[in-house]
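Printed here is model_10.cif (mmCIF, C-alpha atoms):
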data_work
loop_
_atom_site.label_atom_id
_atom_site.label_comp_id
_atom_site.auth_asym_id
_atom_site.auth_seq_id
_atom_site.Cartn_x
_atom_site.Cartn_y
_atom_site.Cartn_z
CA MET A 29 62.21 47.99 112.36
CA ILE A 30 65.16 45.62 112.12
CA ARG A 31 64.56 45.23 108.40
CA LYS A 32 64.47 49.01 107.94
CA LEU A 33 67.74 49.40 109.81
CA ALA A 34 69.28 46.69 107.67
CA VAL A 35 68.14 48.41 104.49
CA VAL A 36 69.49 51.77 105.69
CA ALA A 37 72.82 50.18 106.59
CA TRP A 38 72.98 48.39 103.24
CA PHE A 39 72.11 51.59 101.34
CA GLY A 40 74.72 53.56 103.30
CA ALA A 41 77.39 50.97 102.53
CA ILE A 42 76.58 51.00 98.81
CA THR A 43 76.57 54.81 98.76
CA ALA A 44 79.97 54.92 100.47
CA LEU A 45 81.30 52.31 98.05
CA ALA A 46 80.03 54.30 95.06
CA ALA A 47 81.65 57.45 96.43
CA ASP A 48 84.97 55.65 96.82
CA GLU A 49 84.75 54.25 93.28
CA ALA A 50 83.98 57.71 91.91
CA LEU A 51 87.38 59.00 93.03
CA PRO A 52 90.07 58.03 90.53
CA LYS A 53 93.56 57.23 91.70
CA ALA A 54 95.96 60.14 91.94
CA GLU A 55 98.24 58.39 89.45
CA THR A 56 95.42 58.39 86.89
CA ILE A 57 94.70 62.10 87.41
CA LEU A 58 98.37 63.08 87.10
CA ASP A 59 98.90 61.00 83.98
CA ARG A 60 95.73 62.43 82.45
CA PHE A 61 97.10 65.93 83.00
CA ILE A 62 100.17 65.01 80.93
CA GLU A 63 97.92 63.73 78.14
CA VAL A 64 95.54 66.70 78.02
CA THR A 65 98.44 69.15 77.95
CA GLY A 66 100.18 67.49 75.03
CA GLY A 67 101.30 63.98 75.89
CA ALA A 68 104.57 62.47 77.08
CA ASN A 69 106.17 62.56 73.60
CA ALA A 70 105.61 66.30 73.27
CA TYR A 71 107.17 66.92 76.70
CA GLN A 72 110.17 64.72 75.88
CA LYS A 73 110.94 66.74 72.75
CA ARG A 74 111.45 69.85 74.85
CA LYS A 75 115.07 70.37 75.93
CA THR A 76 115.27 74.13 76.58
CA GLU A 77 112.77 76.87 77.26
CA THR A 78 112.88 80.68 77.33
CA VAL A 79 109.89 82.42 78.91
CA THR A 80 109.06 86.12 78.93
CA GLY A 81 106.18 87.87 80.64
CA THR A 82 105.03 90.49 83.10
CA VAL A 83 104.46 90.59 86.84
CA GLU A 84 102.20 92.87 88.84
CA PHE A 85 101.65 93.46 92.54
CA GLY A 86 98.23 95.11 92.37
CA ALA A 87 97.94 96.38 95.94
CA GLN A 88 101.39 97.99 95.84
CA GLY A 89 101.07 99.31 92.30
CA LEU A 90 104.30 97.55 91.34
CA LYS A 91 104.86 96.28 87.81
CA GLY A 92 107.75 94.55 86.15
CA THR A 93 109.02 92.07 83.59
CA LEU A 94 109.91 88.41 83.87
CA THR A 95 112.52 86.42 81.93
CA ARG A 96 113.18 82.77 82.65
CA TYR A 97 115.60 80.29 81.06
CA ALA A 98 115.44 76.55 81.69
CA ALA A 99 117.20 73.50 80.29
CA ASP A 100 117.04 69.75 80.78
CA PRO A 101 117.52 68.24 83.30
CA ASP A 102 117.42 70.84 86.09
CA ASN A 103 119.13 74.08 85.07
CA ASN A 104 117.17 77.30 85.43
CA TYR A 105 117.61 81.03 85.81
CA SER A 106 114.92 83.66 86.30
CA MET A 107 115.00 87.43 86.54
CA ILE A 108 112.27 89.83 87.60
CA GLU A 109 112.86 93.54 87.10
CA LEU A 110 110.50 95.67 89.20
CA GLU A 111 110.04 99.37 88.64
CA GLY A 112 111.60 101.35 91.49
CA ILE A 113 113.14 98.25 93.13
CA GLY A 114 115.49 96.65 90.66
CA LYS A 115 116.50 93.17 89.62
CA ILE A 116 115.55 90.00 91.52
CA GLU A 117 117.43 86.92 90.33
CA ALA A 118 117.19 83.22 91.19
CA GLY A 119 118.62 80.04 89.76
CA ALA A 120 119.71 76.46 90.18
CA ARG A 121 122.45 74.33 88.69
CA SER A 122 124.20 71.11 89.70
CA GLY A 123 122.26 70.87 92.94
CA VAL A 124 122.92 74.47 93.99
CA ALA A 125 119.95 76.82 94.45
CA TRP A 126 120.38 80.54 95.03
CA GLU A 127 118.71 83.94 94.84
CA MET A 128 119.78 87.58 94.90
CA SER A 129 117.77 90.78 95.37
CA PRO A 130 118.40 94.44 96.21
CA ILE A 131 116.64 93.98 99.55
CA LEU A 132 117.97 90.64 100.85
CA GLY A 133 121.23 90.50 98.92
CA PRO A 134 122.83 87.27 97.64
CA ARG A 135 122.21 83.96 99.38
CA VAL A 136 122.53 80.23 98.79
CA LYS A 137 119.54 78.11 99.75
CA SER A 138 119.73 75.07 102.00
CA GLY A 139 117.55 72.45 103.68
CA GLU A 140 113.87 72.24 102.77
CA GLU A 141 113.97 75.52 100.89
CA LYS A 142 116.70 74.17 98.63
CA ALA A 143 114.85 70.87 98.08
CA GLN A 144 111.67 72.76 97.23
CA THR A 145 113.46 75.00 94.73
CA LEU A 146 115.20 72.10 93.02
CA ARG A 147 111.91 70.19 92.65
CA GLU A 148 110.17 73.22 91.16
CA GLY A 149 113.12 73.82 88.83
CA THR A 150 113.17 70.33 87.36
CA PHE A 151 112.71 70.60 83.61
CA ASN A 152 109.43 69.02 82.49
CA ALA A 153 108.56 68.50 86.14
CA GLU A 154 105.02 67.47 85.16
CA LEU A 155 106.45 64.44 83.39
CA HIS A 156 108.63 63.42 86.34
CA TRP A 157 106.08 63.53 89.15
CA ARG A 158 106.79 59.92 90.15
CA LYS A 159 110.40 60.78 90.92
CA LEU A 160 109.64 64.12 92.56
CA TYR A 161 106.71 62.93 94.68
CA PRO A 162 107.01 59.30 95.87
CA THR A 163 103.57 59.43 97.53
CA VAL A 164 100.41 60.78 95.88
CA GLU A 165 96.75 60.40 96.82
CA THR A 166 93.33 61.68 95.80
CA ALA A 167 91.93 63.53 98.81
CA GLY A 168 88.45 64.39 97.52
CA VAL A 169 86.57 66.78 95.29
CA GLU A 170 86.39 70.56 95.77
CA MET A 171 84.98 73.45 93.75
CA VAL A 172 87.43 75.94 92.21
CA ASP A 173 85.98 78.89 90.32
CA GLY A 174 82.69 77.07 89.75
CA GLU A 175 84.26 73.81 88.53
CA ASP A 176 84.45 70.49 90.36
CA CYS A 177 88.09 69.53 90.84
CA TYR A 178 89.91 66.47 92.09
CA LYS A 179 92.13 67.34 95.03
CA VAL A 180 95.47 65.52 94.77
CA VAL A 181 98.04 65.60 97.59
CA LEU A 182 101.66 65.08 96.50
CA THR A 183 104.28 64.28 99.13
CA PRO A 184 108.00 64.66 98.32
CA ALA A 185 110.79 62.70 99.98
CA GLU A 186 111.83 65.92 101.69
CA GLY A 187 109.74 69.00 102.36
CA LYS A 188 106.13 70.09 102.42
CA THR A 189 103.20 68.44 100.68
CA VAL A 190 101.74 70.09 97.59
CA THR A 191 98.01 69.96 96.93
CA THR A 192 96.95 70.38 93.31
CA TYR A 193 93.39 70.76 92.05
CA PHE A 194 92.53 69.26 88.63
CA GLN A 195 89.28 70.03 86.85
CA LYS A 196 87.09 66.94 86.45
CA LYS A 197 86.01 67.91 82.94
CA SER A 198 89.23 69.15 81.37
CA GLY A 199 91.87 67.42 83.47
CA LEU A 200 93.79 70.70 83.73
CA ALA A 201 95.48 71.87 86.95
CA VAL A 202 93.89 75.12 88.11
CA LYS A 203 95.06 75.59 91.70
CA ILE A 204 97.99 74.70 93.94
CA THR A 205 98.33 75.12 97.70
CA THR A 206 101.42 74.44 99.78
CA VAL A 207 103.63 75.93 102.45
CA ALA A 208 106.54 77.88 100.99
CA VAL A 209 109.79 77.58 102.92
CA THR A 210 111.57 80.94 102.76
CA GLN A 211 114.34 82.90 104.46
CA MET A 212 111.63 84.54 106.54
CA GLY A 213 110.00 81.28 107.62
CA GLU A 214 107.21 79.01 106.43
CA ILE A 215 104.39 80.82 104.61
CA PRO A 216 101.12 79.39 103.19
CA LEU A 217 101.01 79.81 99.42
CA GLU A 218 98.12 79.58 96.96
CA VAL A 219 98.50 79.71 93.19
CA ILE A 220 95.59 80.01 90.74
CA MET A 221 96.41 78.99 87.14
CA SER A 222 94.41 79.78 84.02
CA ASP A 223 94.51 80.72 80.33
CA TYR A 224 96.23 77.60 79.01
CA LYS A 225 97.93 78.06 75.64
CA ASP A 226 99.87 75.76 73.34
CA PHE A 227 103.61 76.28 72.91
CA ALA A 228 105.41 73.74 70.72
CA GLY A 229 102.83 71.05 71.42
CA VAL A 230 102.50 71.50 75.19
CA ARG A 231 99.74 73.53 76.83
CA VAL A 232 100.83 75.70 79.76
CA PRO A 233 98.90 78.14 81.97
CA THR A 234 99.84 81.67 80.94
CA ARG A 235 98.30 83.40 83.95
CA HIS A 236 99.39 82.69 87.53
CA THR A 237 97.96 84.50 90.52
CA GLU A 238 100.00 83.87 93.67
CA ARG A 239 98.68 84.73 97.12
CA VAL A 240 101.17 84.65 99.99
CA ALA A 241 101.27 86.41 103.36
CA GLY A 242 98.32 88.62 102.46
CA GLN A 243 99.99 89.78 99.23
CA GLU A 244 98.95 88.97 95.67
CA MET A 245 101.10 88.81 92.56
CA THR A 246 99.89 88.14 89.02
CA MET A 247 102.29 86.73 86.45
CA THR A 248 101.29 86.73 82.78
CA ILE A 249 103.35 84.72 80.29
CA GLN A 250 103.65 86.41 76.92
CA SER A 251 105.96 84.08 75.02
CA VAL A 252 107.58 80.67 75.35
CA GLN A 253 110.43 79.73 73.02
CA VAL A 254 111.12 76.00 73.03
CA ASN A 255 114.45 74.40 72.07
CA GLY A 256 116.09 77.73 71.30
CA GLU A 257 119.76 78.46 71.87
CA ILE A 258 120.70 79.38 75.45
CA PRO A 259 124.29 80.52 76.20
CA ALA A 260 126.23 77.83 78.05
CA ASP A 261 127.08 80.21 80.90
CA ARG A 262 123.51 81.46 81.35
CA PHE A 263 123.03 79.13 84.32
CA ASP A 264 126.27 80.03 86.05
CA PRO A 265 125.59 81.78 89.37
CA PRO A 266 126.65 85.45 89.53
CA ALA A 267 129.93 86.48 91.14
CA GLU A 268 128.27 87.32 94.47
CA ILE A 269 126.87 83.79 94.74
CA LYS A 270 130.16 82.21 93.68
CA ALA A 271 131.88 84.14 96.46
CA LEU A 272 129.47 82.67 99.02
CA LEU A 273 129.99 79.17 97.65
CA ASN A 274 133.78 79.56 97.76
CA LYS A 275 133.60 80.87 101.31
CA ALA A 276 131.48 77.92 102.41
CA ALA A 277 133.86 75.46 100.73
CA ALA A 278 137.02 76.99 102.20
CA PRO A 279 138.54 75.13 105.18
CA ALA A 280 138.14 76.86 108.52
CA VAL A 281 141.23 78.68 109.75
CA LYS A 282 142.32 77.59 113.21
CA LYS A 283 143.02 80.38 115.66
#
As structure tokens:
Amino acid sequence: MIRKLAVVAWFGAITALAADEALPKAETILDRFIEVTGGANAYQKRKTETVTGTVEFGAQGLKGTLTRYAADPDNNYSMIELEGIGKIEAGARSGVAWEMSPILGPRVKSGEEKAQTLREGTFNAELHWRKLYPTVETAGVEMVDGEDCYKVVLTPAEGKTVTTYFQKKSGLAVKITTVAVTQMGEIPLEVIMSDYKDFAGVRVPTRHTERVAGQEMTMTIQSVQVNGEIPADRFDPPAEIKALLNKAAAPAVKK
């Protein structure tokens, strides 16, 4: 009986050891993603990017268009025009993150929401994961759409963790979960990514399905122009945002 228990214990220890060895380090998974999507050199050649596409809120029957401009190192501007609602704009430049919509009006982001936006707006963010997320770890293996995926948890210096799922076979990222910090509070967010296509040597997912607060939005990328000309003032915040920034910077008037 003692021998049997010893054998069981030994077998269990070896099994656990094998399971641990089967999980690659998060650093290896993240670096592999860079390689399978084009390699570091291809990313480094990209200095600007102009993206166009469509967005659709299926349950609400809303459709619209998406245009996004981005430039190294962290300048970005995006605009969604929804039928019957209007223009929703967002951007970041020189450490300032903002958004403006017909419903919520203009506002400048702060705190965790600002940090989250600036991380997401970093140009070639995939290449700079070490700077953006000081702590990363492989948390296990989970199935996503019938494929085994490594579950990698990325922790920023400020803000919520981001969990990304990478397919074992392809090395591609196919799912992200996090908690989005918004004006209306903290909201769980899930993003499913698929249909990777090559644009100027880098493969990007052209279909994103976002699920947040019981709502679902599908974004489909139609074109990506790399290293094209972008007007110098494209990343300047609109007048409404500048007014808020000037108001915040103005010294308080003593009564």
Residues near A:Tyr71, cut-off 12 Å, all atoms listed in the file, skip fewer than 6 positions along chain, as number ranges by chain: A: 61-65, 77, 100, 151-156, 226-232, 254-255
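Closest approach to A:Glu218 among A:Gly242, A:Gly187, A:Gly86, A:Gly199: A:Gly242, based on only C-alpha atoms.
Around the point (99.5, 82.0, 83.1), within 10 Å and counting all atoms listed in the file, we find these residues: Gly81, Ile220, Met221, Ser222, Asp223, Tyr224, Lys225, Val232, Pro233, Thr234, Arg235, His236, Thr237, Thr246, Met247, Thr248, Ile249 and Gln250 of chain A.
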Output C-alpha atoms of each residue in that selection to a file, as a PDB file, keeping the file's coordinate frame.
ATOM      1  CA  GLY A  81     106.180  87.870  80.640  1.00  0.00           C
ATOM      2  CA  ILE A 220      95.590  80.010  90.740  1.00  0.00           C
ATOM      3  CA  MET A 221      96.410  78.990  87.140  1.00  0.00           C
ATOM      4  CA  SER A 222      94.410  79.780  84.020  1.00  0.00           C
ATOM      5  CA  ASP A 223      94.510  80.720  80.330  1.00  0.00           C
ATOM      6  CA  TYR A 224      96.230  77.600  79.010  1.00  0.00           C
ATOM      7  CA  LYS A 225      97.930  78.060  75.640  1.00  0.00           C
ATOM      8  CA  VAL A 232     100.830  75.700  79.760  1.00  0.00           C
ATOM      9  CA  PRO A 233      98.900  78.140  81.970  1.00  0.00           C
ATOM     10  CA  THR A 234      99.840  81.670  80.940  1.00  0.00           C
ATOM     11  CA  ARG A 235      98.300  83.400  83.950  1.00  0.00           C
ATOM     12  CA  HIS A 236      99.390  82.690  87.530  1.00  0.00           C
ATOM     13  CA  THR A 237      97.960  84.500  90.520  1.00  0.00           C
ATOM     14  CA  THR A 246      99.890  88.140  89.020  1.00  0.00           C
ATOM     15  CA  MET A 247     102.290  86.730  86.450  1.00  0.00           C
ATOM     16  CA  THR A 248     101.290  86.730  82.780  1.00  0.00           C
ATOM     17  CA  ILE A 249     103.350  84.720  80.290  1.00  0.00           C
ATOM     18  CA  GLN A 250     103.650  86.410  76.920  1.00  0.00           C
TER      19      GLN A 250
END
Selected residue of minimal separation from A:Pro162 among A:Val124, A:Leu182, A:Ile131, A:Met245, counting all atoms listed in the file: A:Leu182
Explicit residues for the PyMOL selection byres ((chain A and resi 165-174) around 10) (as a PyMOL selection string): chain A and resi 47-48+50-57+163-164+175-183+191-196+202-203+220
Given the PyMOL selection byres ((chain A and resi 269) around 8), the residues it picks as a VMD selection string: chain A and resid 126 134 to 136 265 to 268 270 to 273
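For the pair atom CA of A:Met128 and atom CA of A:Trp157, the interatomic distance is 28.3 Å.
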Selection result of the PyMOL selection byres ((chain A and resi 141) around 12) on this file, as a ChimeraX atom specification: /A:124-127,135-140,142-148,186-188,207-215
Got time to write the residues from that selection, C-alpha atoms, as a short mmCIF file (atom, residue, chain, number, x, y, z; two decimals), keeping the file's coordinate frame?
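File produced: again28.cif:
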data_model
loop_
_atom_site.label_atom_id
_atom_site.label_comp_id
_atom_site.auth_asym_id
_atom_site.auth_seq_id
_atom_site.Cartn_x
_atom_site.Cartn_y
_atom_site.Cartn_z
CA VAL A 124 122.92 74.47 93.99
CA ALA A 125 119.95 76.82 94.45
CA TRP A 126 120.38 80.54 95.03
CA GLU A 127 118.71 83.94 94.84
CA ARG A 135 122.21 83.96 99.38
CA VAL A 136 122.53 80.23 98.79
CA LYS A 137 119.54 78.11 99.75
CA SER A 138 119.73 75.07 102.00
CA GLY A 139 117.55 72.45 103.68
CA GLU A 140 113.87 72.24 102.77
CA LYS A 142 116.70 74.17 98.63
CA ALA A 143 114.85 70.87 98.08
CA GLN A 144 111.67 72.76 97.23
CA THR A 145 113.46 75.00 94.73
CA LEU A 146 115.20 72.10 93.02
CA ARG A 147 111.91 70.19 92.65
CA GLU A 148 110.17 73.22 91.16
CA GLU A 186 111.83 65.92 101.69
CA GLY A 187 109.74 69.00 102.36
CA LYS A 188 106.13 70.09 102.42
CA VAL A 207 103.63 75.93 102.45
CA ALA A 208 106.54 77.88 100.99
CA VAL A 209 109.79 77.58 102.92
CA THR A 210 111.57 80.94 102.76
CA GLN A 211 114.34 82.90 104.46
CA MET A 212 111.63 84.54 106.54
CA GLY A 213 110.00 81.28 107.62
CA GLU A 214 107.21 79.01 106.43
CA ILE A 215 104.39 80.82 104.61
#
